[in-house]
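Heads up, run.cif below (mmCIF, C-alpha atoms):
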```cif
data_input
#
loop_
_atom_site.group_PDB
_atom_site.id
_atom_site.type_symbol
_atom_site.label_atom_id
_atom_site.label_comp_id
_atom_site.auth_asym_id
_atom_site.auth_seq_id
_atom_site.Cartn_x
_atom_site.Cartn_y
_atom_site.Cartn_z
ATOM 1 C CA MET N 92 -27.555 -8.996 9.072
ATOM 2 C CA SER N 93 -26.692 -6.170 6.703
ATOM 3 C CA LYS N 94 -23.987 -6.582 4.117
ATOM 4 C CA GLU N 95 -20.708 -4.736 4.644
ATOM 5 C CA LEU N 96 -18.066 -3.709 2.138
ATOM 6 C CA VAL N 97 -14.388 -4.500 2.737
ATOM 7 C CA PHE N 98 -11.738 -2.383 1.058
ATOM 8 C CA GLY N 99 -8.170 -1.142 1.216
ATOM 9 C CA HIS N 100 -6.816 2.336 0.540
ATOM 10 C CA GLN N 101 -7.105 4.549 -2.533
ATOM 11 C CA ASN N 102 -4.632 3.887 -5.370
ATOM 12 C CA PRO N 103 -4.604 0.264 -4.244
ATOM 13 C CA ASP N 104 -1.434 -1.783 -4.306
ATOM 14 C CA THR N 105 -1.284 -5.562 -4.214
ATOM 15 C CA ASP N 106 -1.740 -5.755 -0.442
ATOM 16 C CA ALA N 107 -4.762 -3.437 -0.481
ATOM 17 C CA ILE N 108 -6.506 -5.617 -3.076
ATOM 18 C CA VAL N 109 -5.488 -8.959 -1.588
ATOM 19 C CA SER N 110 -6.197 -7.956 2.014
ATOM 20 C CA ALA N 111 -9.734 -6.984 1.025
ATOM 21 C CA LYS N 112 -10.228 -10.361 -0.661
ATOM 22 C CA ALA N 113 -8.654 -12.296 2.213
ATOM 23 C CA PHE N 114 -10.422 -10.492 5.047
ATOM 24 C CA SER N 115 -13.782 -10.677 3.281
ATOM 25 C CA TYR N 116 -13.305 -14.431 2.831
ATOM 26 C CA TYR N 117 -12.335 -14.755 6.493
ATOM 27 C CA GLU N 118 -15.279 -12.685 7.746
ATOM 28 C CA ASN N 119 -17.734 -14.649 5.597
ATOM 29 C CA LYS N 120 -16.360 -17.880 7.058
ATOM 30 C CA MET N 121 -16.947 -16.329 10.490
ATOM 31 C CA GLY N 122 -20.589 -15.742 9.602
ATOM 32 C CA ALA N 123 -20.595 -12.189 8.277
ATOM 33 C CA ASP N 124 -22.024 -10.976 4.970
ATOM 34 C CA THR N 125 -19.308 -9.013 3.183
ATOM 35 C CA GLU N 126 -18.111 -8.105 -0.287
ATOM 36 C CA ALA N 127 -14.537 -7.155 -1.092
ATOM 37 C CA VAL N 128 -14.280 -4.060 -3.287
ATOM 38 C CA ALA N 129 -11.512 -1.672 -4.338
ATOM 39 C CA LEU N 130 -10.998 2.091 -4.402
ATOM 40 C CA GLY N 131 -9.213 1.985 -7.739
ATOM 41 C CA GLU N 132 -8.070 -0.257 -10.576
ATOM 42 C CA PRO N 133 -5.237 -2.757 -10.021
ATOM 43 C CA ASN N 134 -1.749 -1.653 -11.000
ATOM 44 C CA GLU N 135 0.435 -3.738 -13.334
ATOM 45 C CA GLU N 136 2.003 -5.749 -10.528
ATOM 46 C CA THR N 137 -1.387 -6.561 -9.026
ATOM 47 C CA GLN N 138 -2.794 -7.438 -12.445
ATOM 48 C CA PHE N 139 0.126 -9.852 -12.910
ATOM 49 C CA VAL N 140 -0.837 -11.511 -9.626
ATOM 50 C CA LEU N 141 -4.528 -11.716 -10.525
ATOM 51 C CA ASP N 142 -3.747 -13.149 -13.955
ATOM 52 C CA TYR N 143 -1.259 -15.661 -12.520
ATOM 53 C CA PHE N 144 -3.861 -17.080 -10.155
ATOM 54 C CA ASP N 145 -6.773 -16.627 -12.566
ATOM 55 C CA GLU N 146 -8.475 -14.371 -10.026
ATOM 56 C CA PRO N 147 -10.970 -11.651 -11.005
ATOM 57 C CA ALA N 148 -10.311 -8.011 -10.186
ATOM 58 C CA LEU N 149 -12.463 -6.387 -7.533
ATOM 59 C CA ARG N 150 -15.411 -4.142 -8.283
ATOM 60 C CA VAL N 151 -14.315 -0.508 -7.984
ATOM 61 C CA ILE N 152 -16.352 1.929 -5.915
ATOM 62 C CA THR N 153 -16.095 5.680 -5.332
ATOM 63 C CA LYS N 154 -18.737 5.834 -2.575
ATOM 64 C CA ALA N 155 -19.930 3.356 0.042
ATOM 65 C CA SER N 156 -22.879 5.050 1.757
ATOM 66 C CA ASP N 157 -25.187 4.531 -1.228
ATOM 67 C CA GLU N 158 -24.772 0.753 -0.786
ATOM 68 C CA VAL N 159 -24.148 -0.018 2.892
ATOM 69 C CA ASP N 160 -24.305 1.467 6.364
ATOM 70 C CA SER N 161 -21.035 0.021 7.628
ATOM 71 C CA VAL N 162 -17.660 -0.969 6.205
ATOM 72 C CA MET N 163 -14.480 -2.827 7.091
ATOM 73 C CA LEU N 164 -11.097 -1.262 6.385
ATOM 74 C CA VAL N 165 -7.925 -3.155 5.579
ATOM 75 C CA ASP N 166 -4.383 -1.879 4.994
ATOM 76 C CA HIS N 167 -5.264 1.677 6.077
ATOM 77 C CA ASN N 168 -7.068 3.744 8.675
ATOM 78 C CA GLU N 169 -6.371 7.389 7.828
ATOM 79 C CA PRO N 170 -9.552 9.013 6.448
ATOM 80 C CA GLN N 171 -7.842 10.849 3.587
ATOM 81 C CA GLN N 172 -6.655 7.495 2.222
ATOM 82 C CA SER N 173 -10.114 5.921 2.377
ATOM 83 C CA VAL N 174 -13.371 6.070 0.446
ATOM 84 C CA SER N 175 -14.624 9.598 -0.254
ATOM 85 C CA ASP N 176 -17.670 9.298 2.029
ATOM 86 C CA ILE N 177 -15.994 7.460 4.908
ATOM 87 C CA ALA N 178 -17.547 9.976 7.338
ATOM 88 C CA ASP N 179 -21.031 8.835 6.273
ATOM 89 C CA VAL N 180 -20.622 5.154 7.168
ATOM 90 C CA THR N 181 -19.828 3.205 10.322
ATOM 91 C CA VAL N 182 -16.427 1.520 10.425
ATOM 92 C CA SER N 183 -16.979 -1.828 12.142
ATOM 93 C CA HIS N 184 -13.553 -3.418 11.569
ATOM 94 C CA VAL N 185 -10.006 -2.328 10.840
ATOM 95 C CA VAL N 186 -7.084 -4.633 10.103
ATOM 96 C CA ASP N 187 -3.892 -2.730 9.424
ATOM 97 C CA HIS N 188 -0.113 -2.529 9.790
ATOM 98 C CA HIS N 189 0.392 1.234 9.522
ATOM 99 C CA ARG N 190 0.442 4.135 11.935
ATOM 100 C CA ILE N 191 -2.903 5.287 13.351
ATOM 101 C CA ALA N 192 -3.631 8.909 12.472
ATOM 102 C CA GLY N 193 -6.782 11.025 12.275
ATOM 103 C CA PHE N 194 -8.941 8.003 13.022
ATOM 104 C CA ASP N 195 -11.877 7.984 15.421
ATOM 105 C CA THR N 196 -15.271 6.314 15.634
ATOM 106 C CA ALA N 197 -18.549 6.936 17.433
ATOM 107 C CA GLN N 198 -18.961 3.267 18.303
ATOM 108 C CA PRO N 199 -16.714 0.449 19.510
ATOM 109 C CA LEU N 200 -15.185 -1.642 16.752
ATOM 110 C CA PHE N 201 -12.875 -4.555 16.021
ATOM 111 C CA TYR N 202 -9.392 -3.144 15.513
ATOM 112 C CA ARG N 203 -6.362 -5.327 14.800
ATOM 113 C CA ALA N 204 -3.088 -3.585 14.002
ATOM 114 C CA GLU N 205 0.381 -5.077 14.234
ATOM 115 C CA PRO N 206 3.800 -3.712 13.209
ATOM 116 C CA LEU N 207 4.325 -6.356 10.542
ATOM 117 C CA GLY N 208 5.525 -6.014 6.983
ATOM 118 C CA CYS N 209 2.154 -6.575 5.386
ATOM 119 C CA CYS N 210 -1.538 -6.450 6.239
ATOM 120 C CA SER N 211 -1.961 -9.893 4.718
ATOM 121 C CA THR N 212 0.399 -11.225 7.391
ATOM 122 C CA VAL N 213 -1.966 -9.927 10.068
ATOM 123 C CA ILE N 214 -4.915 -11.548 8.297
ATOM 124 C CA TYR N 215 -3.004 -14.832 8.043
ATOM 125 C CA LYS N 216 -2.740 -14.799 11.831
ATOM 126 C CA LEU N 217 -6.513 -14.369 12.118
ATOM 127 C CA PHE N 218 -7.036 -17.433 9.911
ATOM 128 C CA LYS N 219 -4.707 -19.487 12.090
ATOM 129 C CA GLU N 220 -6.167 -18.255 15.391
ATOM 130 C CA ASN N 221 -9.639 -19.315 14.293
ATOM 131 C CA ASP N 222 -8.662 -22.583 12.557
ATOM 132 C CA ILE N 223 -9.902 -21.453 9.157
ATOM 133 C CA GLU N 224 -8.179 -23.142 6.237
ATOM 134 C CA ILE N 225 -6.585 -20.907 3.619
ATOM 135 C CA PRO N 226 -7.358 -22.186 0.079
ATOM 136 C CA ALA N 227 -4.372 -22.622 -2.235
ATOM 137 C CA LYS N 228 -5.341 -19.756 -4.548
ATOM 138 C CA LEU N 229 -5.889 -17.349 -1.662
ATOM 139 C CA ALA N 230 -2.571 -18.458 -0.177
ATOM 140 C CA GLY N 231 -0.897 -17.498 -3.446
ATOM 141 C CA LEU N 232 -2.567 -14.107 -3.412
ATOM 142 C CA MET N 233 -1.591 -13.445 0.213
ATOM 143 C CA LEU N 234 1.959 -14.593 -0.518
ATOM 144 C CA SER N 235 2.066 -12.097 -3.374
ATOM 145 C CA ALA N 236 0.924 -9.268 -1.110
ATOM 146 C CA ILE N 237 3.675 -9.950 1.416
ATOM 147 C CA ILE N 238 6.301 -10.174 -1.328
ATOM 148 C CA SER N 239 5.046 -6.867 -2.693
ATOM 149 C CA ASP N 240 5.018 -4.986 0.613
ATOM 150 C CA THR N 241 8.384 -6.342 1.778
ATOM 151 C CA LEU N 242 10.123 -6.270 -1.616
ATOM 152 C CA LEU N 243 10.720 -9.999 -1.480
ATOM 153 C CA LEU N 244 11.549 -9.849 2.251
ATOM 154 C CA LYS N 245 14.310 -7.240 1.704
ATOM 155 C CA SER N 246 12.507 -4.229 3.169
ATOM 156 C CA PRO N 247 13.359 -3.136 6.743
ATOM 157 C CA THR N 248 9.661 -3.538 7.494
ATOM 158 C CA THR N 249 10.104 -7.300 7.150
ATOM 159 C CA THR N 250 9.751 -9.250 10.388
ATOM 160 C CA GLU N 251 10.493 -12.847 11.288
ATOM 161 C CA THR N 252 6.740 -13.396 11.256
ATOM 162 C CA ASP N 253 6.518 -12.226 7.621
ATOM 163 C CA VAL N 254 9.298 -14.617 6.628
ATOM 164 C CA ALA N 255 7.626 -17.572 8.361
ATOM 165 C CA VAL N 256 4.230 -16.740 6.856
ATOM 166 C CA VAL N 257 5.690 -16.446 3.346
ATOM 167 C CA LYS N 258 7.221 -19.907 3.659
ATOM 168 C CA ASP N 259 3.966 -21.411 4.927
ATOM 169 C CA LEU N 260 1.842 -19.754 2.242
ATOM 170 C CA ALA N 261 4.326 -20.877 -0.431
ATOM 171 C CA LYS N 262 3.818 -24.477 0.697
ATOM 172 C CA ILE N 263 0.033 -24.138 0.598
ATOM 173 C CA ALA N 264 0.155 -22.523 -2.853
ATOM 174 C CA ASP N 265 2.929 -24.854 -4.053
ATOM 175 C CA ILE N 266 5.068 -21.982 -5.363
ATOM 176 C CA ASP N 267 8.796 -21.224 -5.423
ATOM 177 C CA TYR N 268 8.303 -17.818 -3.838
ATOM 178 C CA GLU N 269 11.738 -16.415 -4.736
ATOM 179 C CA THR N 270 11.468 -17.101 -8.474
ATOM 180 C CA TYR N 271 7.817 -16.101 -8.588
ATOM 181 C CA GLY N 272 8.398 -13.040 -6.409
ATOM 182 C CA LEU N 273 11.110 -11.569 -8.612
ATOM 183 C CA ALA N 274 8.956 -12.016 -11.721
ATOM 184 C CA MET N 275 6.042 -10.402 -9.908
ATOM 185 C CA LEU N 276 8.040 -7.372 -8.764
ATOM 186 C CA LYS N 277 9.522 -6.855 -12.222
ATOM 187 C CA ALA N 278 6.018 -6.907 -13.698
ATOM 188 C CA GLY N 279 5.307 -3.713 -11.795
ATOM 189 C CA THR N 280 8.321 -1.819 -13.169
ATOM 190 C CA ASN N 281 7.232 -1.303 -16.770
ATOM 191 C CA LEU N 282 7.383 2.500 -16.729
ATOM 192 C CA ASP N 283 7.492 3.340 -20.424
ATOM 193 C CA SER N 284 3.841 2.406 -20.930
ATOM 194 C CA LYS N 285 2.656 4.944 -18.313
ATOM 195 C CA THR N 286 2.159 8.690 -18.410
ATOM 196 C CA GLU N 287 3.788 10.820 -15.724
ATOM 197 C CA LYS N 288 0.428 11.255 -14.012
ATOM 198 C CA GLU N 289 -0.088 7.495 -13.994
ATOM 199 C CA LEU N 290 3.371 6.995 -12.513
ATOM 200 C CA ILE N 291 2.825 9.381 -9.603
ATOM 201 C CA ASP N 292 -0.753 8.262 -8.951
ATOM 202 C CA ALA N 293 -0.200 4.491 -9.038
ATOM 203 C CA ASP N 294 1.131 4.198 -5.473
ATOM 204 C CA ALA N 295 0.603 7.477 -3.650
ATOM 205 C CA LYS N 296 -0.684 8.360 -0.186
ATOM 206 C CA SER N 297 -1.459 11.659 1.520
ATOM 207 C CA PHE N 298 -0.298 12.492 5.031
ATOM 208 C CA GLU N 299 -1.113 15.401 7.303
ATOM 209 C CA MET N 300 2.064 16.748 8.918
ATOM 210 C CA ALA N 301 1.954 19.805 11.184
ATOM 211 C CA GLY N 302 -0.896 21.332 9.196
ATOM 212 C CA LYS N 303 0.646 20.567 5.806
ATOM 213 C CA THR N 304 -0.622 18.004 3.324
ATOM 214 C CA VAL N 305 2.262 15.886 2.091
ATOM 215 C CA ARG N 306 1.728 13.505 -0.808
ATOM 216 C CA VAL N 307 4.252 10.656 -1.022
ATOM 217 C CA ALA N 308 4.331 8.539 -4.176
ATOM 218 C CA GLN N 309 6.572 5.545 -4.739
ATOM 219 C CA ILE N 310 7.738 4.250 -8.104
ATOM 220 C CA ASN N 311 9.514 0.887 -8.218
ATOM 221 C CA THR N 312 12.027 0.340 -10.974
ATOM 222 C CA VAL N 313 15.044 -1.755 -11.920
ATOM 223 C CA ASP N 314 16.912 1.339 -13.166
ATOM 224 C CA LEU N 315 16.572 4.783 -11.550
ATOM 225 C CA ASP N 316 17.613 6.406 -14.841
ATOM 226 C CA ASP N 317 14.335 5.161 -16.325
ATOM 227 C CA VAL N 318 12.548 7.426 -13.849
ATOM 228 C CA PHE N 319 14.782 10.487 -13.848
ATOM 229 C CA LYS N 320 15.119 10.788 -17.601
ATOM 230 C CA ARG N 321 11.533 12.038 -17.186
ATOM 231 C CA GLN N 322 12.255 14.330 -14.232
ATOM 232 C CA ALA N 323 10.958 17.545 -15.789
ATOM 233 C CA ALA N 324 7.691 15.923 -16.821
ATOM 234 C CA LEU N 325 7.284 14.261 -13.419
ATOM 235 C CA GLU N 326 7.819 17.619 -11.702
ATOM 236 C CA ALA N 327 5.207 19.221 -13.941
ATOM 237 C CA ALA N 328 2.693 16.464 -13.168
ATOM 238 C CA ALA N 329 3.338 16.818 -9.431
ATOM 239 C CA LYS N 330 2.949 20.625 -9.607
ATOM 240 C CA ASP N 331 -0.391 20.166 -11.361
ATOM 241 C CA GLU N 332 -1.615 17.863 -8.602
ATOM 242 C CA ASN N 333 -0.338 20.199 -5.889
ATOM 243 C CA ALA N 334 -2.467 22.930 -7.458
ATOM 244 C CA SER N 335 -5.568 20.835 -8.162
ATOM 245 C CA ASP N 336 -5.632 18.820 -4.927
ATOM 246 C CA SER N 337 -4.158 21.367 -2.499
ATOM 247 C CA TYR N 338 -1.062 19.375 -1.626
ATOM 248 C CA ASP N 339 1.663 21.495 -0.083
ATOM 249 C CA LEU N 340 4.443 19.079 -0.907
ATOM 250 C CA PHE N 341 4.665 16.213 -3.397
ATOM 251 C CA LEU N 342 7.464 13.700 -2.849
ATOM 252 C CA ILE N 343 8.242 11.029 -5.425
ATOM 253 C CA LEU N 344 10.308 8.138 -4.067
ATOM 254 C CA ALA N 345 11.900 6.187 -6.900
ATOM 255 C CA THR N 346 13.143 2.825 -5.626
ATOM 256 C CA ASN N 347 15.453 0.353 -7.345
ATOM 257 C CA ILE N 348 14.060 -3.027 -6.265
ATOM 258 C CA LEU N 349 17.269 -4.824 -7.231
ATOM 259 C CA ASP N 350 19.783 -2.913 -5.098
ATOM 260 C CA SER N 351 17.380 -1.415 -2.492
ATOM 261 C CA ASN N 352 18.375 2.212 -3.086
ATOM 262 C CA SER N 353 16.106 5.199 -3.694
ATOM 263 C CA GLU N 354 16.144 8.736 -5.001
ATOM 264 C CA LEU N 355 13.619 11.321 -3.792
ATOM 265 C CA LEU N 356 12.157 13.982 -6.080
ATOM 266 C CA VAL N 357 10.837 16.987 -4.136
ATOM 267 C CA VAL N 358 8.121 19.256 -5.570
ATOM 268 C CA GLY N 359 6.519 22.045 -3.541
ATOM 269 C CA ASN N 360 7.102 23.579 -0.136
ATOM 270 C CA PRO N 361 8.282 23.564 2.584
ATOM 271 C CA THR N 362 11.491 21.744 1.684
ATOM 272 C CA GLU N 363 13.399 22.443 4.905
ATOM 273 C CA PRO N 364 11.762 19.571 6.839
ATOM 274 C CA VAL N 365 12.689 17.191 4.011
ATOM 275 C CA GLU N 366 16.341 18.140 4.283
ATOM 276 C CA LYS N 367 16.153 17.911 8.072
ATOM 277 C CA ALA N 368 14.466 14.498 7.953
ATOM 278 C CA PHE N 369 17.273 12.937 5.958
ATOM 279 C CA GLY N 370 20.203 15.159 6.946
ATOM 280 C CA LYS N 371 20.916 16.103 3.346
ATOM 281 C CA THR N 372 20.694 19.122 1.074
ATOM 282 C CA ILE N 373 18.316 19.009 -1.867
ATOM 283 C CA ALA N 374 20.085 19.495 -5.199
ATOM 284 C CA ASN N 375 18.257 19.673 -8.518
ATOM 285 C CA ASN N 376 15.080 18.949 -6.504
ATOM 286 C CA ARG N 377 16.507 15.531 -5.575
ATOM 287 C CA LEU N 378 17.886 13.649 -2.592
ATOM 288 C CA SER N 379 19.858 10.403 -2.786
ATOM 289 C CA LEU N 380 18.598 7.890 -0.225
ATOM 290 C CA PRO N 381 20.780 4.745 -0.313
ATOM 291 C CA GLY N 382 19.245 1.801 1.507
ATOM 292 C CA VAL N 383 15.803 3.398 1.676
ATOM 293 C CA VAL N 384 12.967 1.272 0.284
ATOM 294 C CA SER N 385 10.084 1.665 2.747
ATOM 295 C CA ARG N 386 7.790 4.685 2.688
ATOM 296 C CA LYS N 387 6.124 3.473 5.879
ATOM 297 C CA LYS N 388 9.260 2.967 7.960
ATOM 298 C CA GLN N 389 12.041 5.010 6.358
ATOM 299 C CA VAL N 390 10.264 8.078 4.981
ATOM 300 C CA VAL N 391 6.976 9.006 6.682
ATOM 301 C CA PRO N 392 8.156 8.767 10.328
ATOM 302 C CA GLN N 393 11.276 10.809 9.594
ATOM 303 C CA LEU N 394 9.246 13.460 7.781
ATOM 304 C CA THR N 395 6.630 13.569 10.529
ATOM 305 C CA ASP N 396 9.304 14.137 13.173
ATOM 306 C CA ALA N 397 10.951 16.864 11.104
ATOM 307 C CA PHE N 398 7.674 18.679 10.441
ATOM 308 C CA ASN N 399 6.715 18.531 14.121
ATOM 309 C CA ALA N 400 10.123 19.636 15.430
#
```
Any chance you could give the structure as structure tokens?
Amino acid sequence: MSKELVFGHQNPDTDAIVSAKAFSYYENKMGADTEAVALGEPNEETQFVLDYFDEPALRVITKASDEVDSVMLVDHNEPQQSVSDIADVTVSHVVDHHRIAGFDTAQPLFYRAEPLGCCSTVIYKLFKENDIEIPAKLAGLMLSAIISDTLLLKSPTTTETDVAVVKDLAKIADIDYETYGLAMLKAGTNLDSKTEKELIDADAKSFEMAGKTVRVAQINTVDLDDVFKRQAALEAAAKDENASDSYDLFLILATNILDSNSELLVVGNPTEPVEKAFGKTIANNRLSLPGVVSRKKQVVPQLTDAFNA
């Protein structure tokens, strides 16, 4: 049996890192030979989680085909979000909780996707279905991923299943998830230590919409003013990436994790679909989006519909 690599998306967030660790552990228990790796360094929130549970960071790769013939994807399926040479390897497994777009394979594969708040919730279900025990440390990591993706169960992506899984994982890990979760989320909002490029690259994904490449970054904060006092520099950084990486439109979603409101910074063209998606007029390159916290559920679908209209 040949070894396979397991990894989440580029610019990995906590769920991308943890899902790779969890699914690799699960697959190895099921008899496979896998290694969890990452497509980027952990962000500050994820590093807080790893340090809290005394867990090592994953090895970072930029290519997979020089090591293995086949790979397993977690927390993503769209090729532009994956490893650079994804076309040169066989995808044998996908576990995800996002839309399916631009994805096809030459061979049958295992594909598990559910509309849940977090990929780690889907993986939890696989553990339970196959009677595989989740170790306490891994439970803590998976708990952290769900807290991260659902903003401590406040995001509209949160389902009853996510809530139940969080409570079960908290028992296994012996953690007060509300106290821990708030500390974890705040750990990811230290913006002053980052450059503008680091801020817009830390949690960013590319989407193809009606022939346009739209880059959507999200910055979590406890004060939106901390983001927009740097608006000019953020716009300049986004313009540079539009030019260097051929993005048509760069959207920066700044989200206050305490009151669940966001502000969108719009750089590039076309802007008309953005205004149509949210029913608002862009002013000073910004849109106020009260109650919006989820890129997956409250931003990308609306933009996709507007671009395709």
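Minimum atom-to-atom distances from N:Leu242, N:Val318, N:Leu282, N:Val213 to Asp350 in chain N were compared using all atoms listed in the file, and the lowest value belongs to N:Leu242.
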If you count only C-alpha atoms, which residues fall within 10 Å of Glu366 in chain N, apart from same-chain ones fewer than 6 positions away, as a VMD selection string? chain N and resid 372 to 373 378 394 397
Please provide the set of residues having any atom within 10 Å of Ile191 in chain N, restricted to only C-alpha atoms, with same-chain residues fewer than 4 positions apart removed, written as number ranges by chain. N: 167-169, 187, 195, 204
Considering only C-alpha atoms, can you say which of N:Thr212, N:Thr362, N:Gln172, N:Thr312 comes closest to Gly193 in chain N?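 Counting only C-alpha atoms, the residue closest to Gly193 in chain N is N:Gln172.
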Which polymer residues have any atom within 12 Å of an atom of His100 in chain N, counting all atoms listed in the file, with same-chain residues fewer than 5 positions away left out, as a ChimeraX atom specification? /N:105-111,128-133,151-153,163-175,177,185-187,189,210,293-297
Using only C-alpha atoms, can you tell me which of N:Leu244, N:Ala301, N:Val159, N:Ala278 comes closest to Ser351 in chain N?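 The closest residue to Ser351 in chain N is N:Leu244.
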Each side padded by 3 Å, which centre and which edge lengths in Å (one decimal) define the axis-aligned box around the listed atoms of range 258-270 of chain N? Give them as AutoDock Vina command-line options.
```
--center_x 5.9 --center_y -20.6 --center_z -1.8 --size_x 17.7 --size_y 14.4 --size_z 19.4
```
d(CA of Val256 in chain N, CA of Asn311 in chain N) in Å: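 Taking CA of Val256 in chain N as the start and CA of Asn311 in chain N as the end point, the length is 23.8 Å.
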Compile the contact shell of Asp160 in chain N as a compact mmCIF listing (two decimals) with C-alpha atoms, keeping the file's coordinate frame: residues with an atom at most 9 Å away, counting only C-alpha atoms, same-chain residues fewer than 2 positions apart removed.
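Listed below is the output, around_39.txt:
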```txt
# COMPACT_ATOMS: atom_id res chain seq x y z
CA SER N 93 -26.69 -6.17 6.70
CA LYS N 94 -23.99 -6.58 4.12
CA GLU N 95 -20.71 -4.74 4.64
CA ALA N 155 -19.93 3.36 0.04
CA SER N 156 -22.88 5.05 1.76
CA ASP N 157 -25.19 4.53 -1.23
CA GLU N 158 -24.77 0.75 -0.79
CA VAL N 162 -17.66 -0.97 6.20
CA ASP N 179 -21.03 8.84 6.27
CA VAL N 180 -20.62 5.15 7.17
CA THR N 181 -19.83 3.20 10.32
CA VAL N 182 -16.43 1.52 10.42
```
If the PyMOL selection byres ((chain N and resi 223-231) around 12) is run on the structure shown, which residues does it catch, given as a VMD selection string? chain N and resid 105 108 to 121 140 to 147 211 to 212 214 to 222 232 to 238 256 to 268 271 to 272 275
Option closest in space to Lys388 in chain N, from N:Glu126, N:Asn102, N:Pro206, N:Ser161 [counting only C-alpha atoms]: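 Ranked by minimum distance to Lys388 in chain N, first place goes to N:Pro206.
CA of Glu136 in chain N lies 14.8 Å from CA of Leu149 in chain N.
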Which residue of N:His184, N:Gly279, N:Pro199, N:Ser284 approaches Gln138 in chain N most closely, using only C-alpha atoms: N:Gly279
Which residue, N:Leu349, N:Leu356, N:Gly302, N:Gln393, has the smallest gap to Gly370 in chain N when you use only C-alpha atoms? N:Gln393
